[in-house]
Amino acid sequence: MDITVLGVGEGGKAIAQTCAASGCSVRLWADDATGVMDAVDHIEQQLGNNSLSEASGDSIDPKIEGTTGLEAAVAGSDIVIETATNDVGTLQRQFAAIEQHVEDDVVMLSSNPDQSITAASAGMRHPERGLGMQFVTNGPEPLVEVVVTEHATDQAIATIEQFVETLGATAIYVRDVPGLASTRLTLAIEVEAMWLVADGVASVTAVDTLLKERYNHPRGPLEQADRVGLETRQAEFEHLVETISDRYEPPPLLDALVEAGYTGQAAGEGFYSWDGDEPTGEGVEGPNFGEQDEAQK
């Protein structure tokens with residue numbers, strides 16, 4: 001398949017790399033020529049170092065090129081993936097501009113889960129081919145969450161099914177609602193984990209150990225929140241409280257940590273204390289169970 005990825009941020013590079021590694025021809029677009037070329041070089045280097053492909057005996061010959069021309073980027077593509085636009089109005093204009101240069105059956109995707117795909121597609125002649133997607137990367141198997149609007153056609157969905165199959169991933173389909181299913185489930189677990197610590201029910205380590213050992217999470221929810229950034233999680237909780245329900249309301253503990261500058265891994269302190277990429281201890285004091293607490297240490 002011929003895939004166009006718009007944007008050379010971390011998300012755009014990751015999607016372009018995944019597509020190229022799966023045998024797709026990829027065109028990577030941004031309006032900055034240096035940024036595009038640097039991104040292409042980075043992806044080609046990453047693919048060249050891919051030990052999984054070497055172990056399987058399959059050689060990677062990445063078909064990826066960069067361009068700063070929008071028409072050159074999208075012409076002839078089967079799927080266009082927009083990764084750089086965070087504003088619905090801007091995305092609506094971008095989708096309308098792309099539509100002038102592609103065939104009527106080309107599917108256009110947004111990788112930003114916080115946008116209304118229905119609203120962004122409203123300015124197109126064929127709004128039924130505007131969908132959303134999000135790669136879920138924190139699990140044992142690759143997963144793609146596909147946002148389907150009420151106007152999506154069977155043809156558009158079939159194109160996405162073929163695309164996800166090409167990536168060797170599993171697709172799940174969700175309605176066009178704030179947060180998507182994977183984000184809402186992730187944040188629901190994290191906010192409850194934070195309340196357990198804030199209420200003195202269990203320590204940071206105990207909560208994360210429970211999720212890892214009992215439910216096979218690759219990381220505990222509090223460690224994951226630290227890695228993402230507590231200020232980012234704070235903003236995401238606020239968004240879901242405003243758009244969905246106050247059940248996503250975090251404890252005052254989160255606000256206190258962010259206000260103090262203890263925003264997680266990047267700051268060196270959050271729910272954990274950090275030394276580079278690894279947590280070195282708990283950053284938030286847990287309940288004291290006396291001898292039992294000492295024994296757990």
# chains A, B, ... in the order shown; residues from 1 in each chain; ligands from 1
>>> select_by_dssp(residues="segment 47-239 of chain A", states="helix (DSSP H, G or I)", output="PyMOL selection string")
chain A and resi 47-48+51-56+70-74+88-99+117-120+127-129+154-166+180-198+204-215+221-228+230-239
>>> residues_around(residues="segment 192-203 of chain A", least_positions_apart="4", cutoff="7 Å", atoms="only C-alpha atoms", output="list in words")
Ala188, Val207, Pro221, Leu222, Pro251, Leu253, Gly286 and Pro287 of chain A
>>> residues_around(residues="Arg125 of chain A", least_positions_apart="2", cutoff="12 Å", atoms="only C-alpha atoms", output="PyMOL selection string")
chain A and resi 92+95-100+102-105+121-123+127-130
>>> residues_around(residues="Gly66 of chain A", least_positions_apart="2", cutoff="6 Å", atoms="only C-alpha atoms", output="VMD selection string")
chain A and resid 27 to 29 36
>>> residues_around(residues="Ile157 of chain A", least_positions_apart="4", cutoff="12 Å", atoms="only C-alpha atoms", output="compact mmCIF listing (two decimals) with N, CA and C atoms, in the first residue's frame")
# COMPACT_ATOMS: atom_id res chain seq x y z
N ILE A 79 -3.81 5.80 1.52
CA ILE A 79 -4.21 6.32 2.83
C ILE A 79 -3.32 7.50 3.17
N ASP A 105 -11.55 7.44 -3.56
CA ASP A 105 -11.60 6.31 -2.63
C ASP A 105 -10.46 6.33 -1.60
N VAL A 106 -9.67 7.39 -1.59
CA VAL A 106 -8.57 7.49 -0.64
C VAL A 106 -9.12 7.82 0.74
N VAL A 107 -8.64 7.09 1.76
CA VAL A 107 -9.07 7.31 3.13
C VAL A 107 -8.12 8.27 3.82
N MET A 108 -8.68 9.21 4.57
CA MET A 108 -7.87 10.17 5.32
C MET A 108 -8.07 9.94 6.81
N LEU A 109 -6.96 9.83 7.53
CA LEU A 109 -6.99 9.51 8.95
C LEU A 109 -6.35 10.62 9.76
N GLU A 128 -17.40 10.89 4.26
CA GLU A 128 -17.50 9.50 4.69
C GLU A 128 -16.15 8.80 4.72
N ARG A 129 -15.13 9.38 4.10
CA ARG A 129 -13.83 8.72 4.08
C ARG A 129 -12.86 9.30 5.12
N GLY A 130 -13.35 10.16 5.98
CA GLY A 130 -12.53 10.66 7.07
C GLY A 130 -12.70 9.81 8.31
N LEU A 131 -11.61 9.22 8.79
CA LEU A 131 -11.64 8.38 9.98
C LEU A 131 -10.48 8.76 10.90
N GLY A 132 -10.42 8.15 12.07
CA GLY A 132 -9.32 8.38 12.99
C GLY A 132 -8.64 7.08 13.35
N MET A 133 -7.45 7.19 13.89
CA MET A 133 -6.74 5.98 14.31
C MET A 133 -5.79 6.34 15.44
N VAL A 146 -9.44 2.22 15.66
CA VAL A 146 -9.97 2.94 14.50
C VAL A 146 -11.24 3.68 14.91
N VAL A 147 -11.25 4.99 14.65
CA VAL A 147 -12.42 5.81 14.96
C VAL A 147 -13.31 5.87 13.73
N VAL A 148 -14.54 5.38 13.88
CA VAL A 148 -15.48 5.31 12.76
C VAL A 148 -16.61 6.31 13.00
N THR A 149 -16.80 7.21 12.06
CA THR A 149 -17.90 8.16 12.16
C THR A 149 -19.18 7.53 11.63
N GLU A 150 -20.30 8.22 11.86
CA GLU A 150 -21.59 7.71 11.38
C GLU A 150 -21.66 7.69 9.86
N HIS A 151 -20.81 8.49 9.21
CA HIS A 151 -20.86 8.59 7.75
C HIS A 151 -19.90 7.65 7.05
N ALA A 152 -19.08 6.91 7.80
CA ALA A 152 -18.07 6.04 7.18
C ALA A 152 -18.73 4.97 6.32
N THR A 153 -18.13 4.70 5.17
CA THR A 153 -18.67 3.69 4.26
C THR A 153 -17.98 2.34 4.46
N GLU A 161 -9.17 -2.03 7.16
CA GLU A 161 -8.93 -3.43 7.53
C GLU A 161 -7.71 -3.97 6.80
N GLN A 162 -7.61 -3.69 5.50
CA GLN A 162 -6.46 -4.14 4.72
C GLN A 162 -5.17 -3.50 5.23
N PHE A 163 -5.23 -2.22 5.57
CA PHE A 163 -4.07 -1.49 6.07
C PHE A 163 -3.58 -2.08 7.39
N VAL A 164 -4.49 -2.29 8.33
CA VAL A 164 -4.11 -2.83 9.63
C VAL A 164 -3.57 -4.25 9.49
N ALA A 171 -7.19 -4.71 14.70
CA ALA A 171 -7.98 -3.48 14.71
C ALA A 171 -9.17 -3.63 15.64
N ILE A 172 -9.44 -2.58 16.41
CA ILE A 172 -10.71 -2.48 17.12
C ILE A 172 -11.38 -1.20 16.64
N TYR A 173 -12.69 -1.19 16.61
CA TYR A 173 -13.43 -0.08 16.05
C TYR A 173 -14.26 0.59 17.14
N VAL A 174 -14.17 1.92 17.19
CA VAL A 174 -14.87 2.67 18.22
C VAL A 174 -15.59 3.86 17.58
>>> select_by_dssp(residues="segment 147-217 of chain A", states="strand (DSSP E)", output="ChimeraX atom specification")
/A:147-148,170-175
>>> closest_atom_pairs(of="segment 104-149 of chain A", to="segment 5-14 of chain A", cutoff="12 Å", atoms="only C-alpha atoms", output="tab-separated table")
residue	atom	partner	partner_atom	distance
A:Met108	CA	A:Val5	CA	10.2
A:Leu109	CA	A:Val5	CA	9.5
A:Ser110	CA	A:Leu6	CA	9.6
A:Ser111	CA	A:Gly11	CA	8.2
A:Asn112	CA	A:Gly11	CA	9.5
A:Met133	CA	A:Gly11	CA	11.8
A:Gln134	CA	A:Gly11	CA	9.9
A:Phe135	CA	A:Gly11	CA	9.4
A:Val136	CA	A:Gly11	CA	11.7
A:Thr137	CA	A:Ala14	CA	10.5
>>> closest_residue(among="A:Glu223, A:Glu165, A:Asp255, A:Asp275", to="Pro142 of chain A", atoms="only C-alpha atoms")
A:Glu165
>>> residues_around(residues="Ser116 of chain A", least_positions_apart="3", cutoff="8 Å", atoms="only C-alpha atoms", output="ChimeraX atom specification")
/A:88,119-120,176-178
>>> write_last_selection(atoms="N, CA and C atoms", output="JSON list (two decimals), in the first residue's frame")
[["chain", "number", "residue", "atom", "x", "y", "z"],
["A", 88, "VAL", "N", -9.15, 21.22, 15.57],
["A", 88, "VAL", "CA", -10.16, 20.66, 14.68],
["A", 88, "VAL", "C", -10.35, 21.53, 13.45],
["A", 119, "ALA", "N", -16.38, 16.34, 12.90],
["A", 119, "ALA", "CA", -16.27, 17.78, 12.65],
["A", 119, "ALA", "C", -15.16, 18.08, 11.65],
["A", 120, "ALA", "N", -14.04, 17.39, 11.77],
["A", 120, "ALA", "CA", -12.91, 17.64, 10.88],
["A", 120, "ALA", "C", -13.23, 17.25, 9.44],
["A", 176, "ASP", "N", -16.86, 7.84, 17.34],
["A", 176, "ASP", "CA", -16.14, 9.11, 17.41],
["A", 176, "ASP", "C", -16.56, 9.85, 18.68],
["A", 177, "VAL", "N", -15.89, 9.53, 19.77],
["A", 177, "VAL", "CA", -16.19, 10.12, 21.07],
["A", 177, "VAL", "C", -14.89, 10.60, 21.71],
["A", 178, "PRO", "N", -14.96, 11.52, 22.68],
["A", 178, "PRO", "CA", -13.72, 12.01, 23.31],
["A", 178, "PRO", "C", -12.94, 10.89, 23.99]]
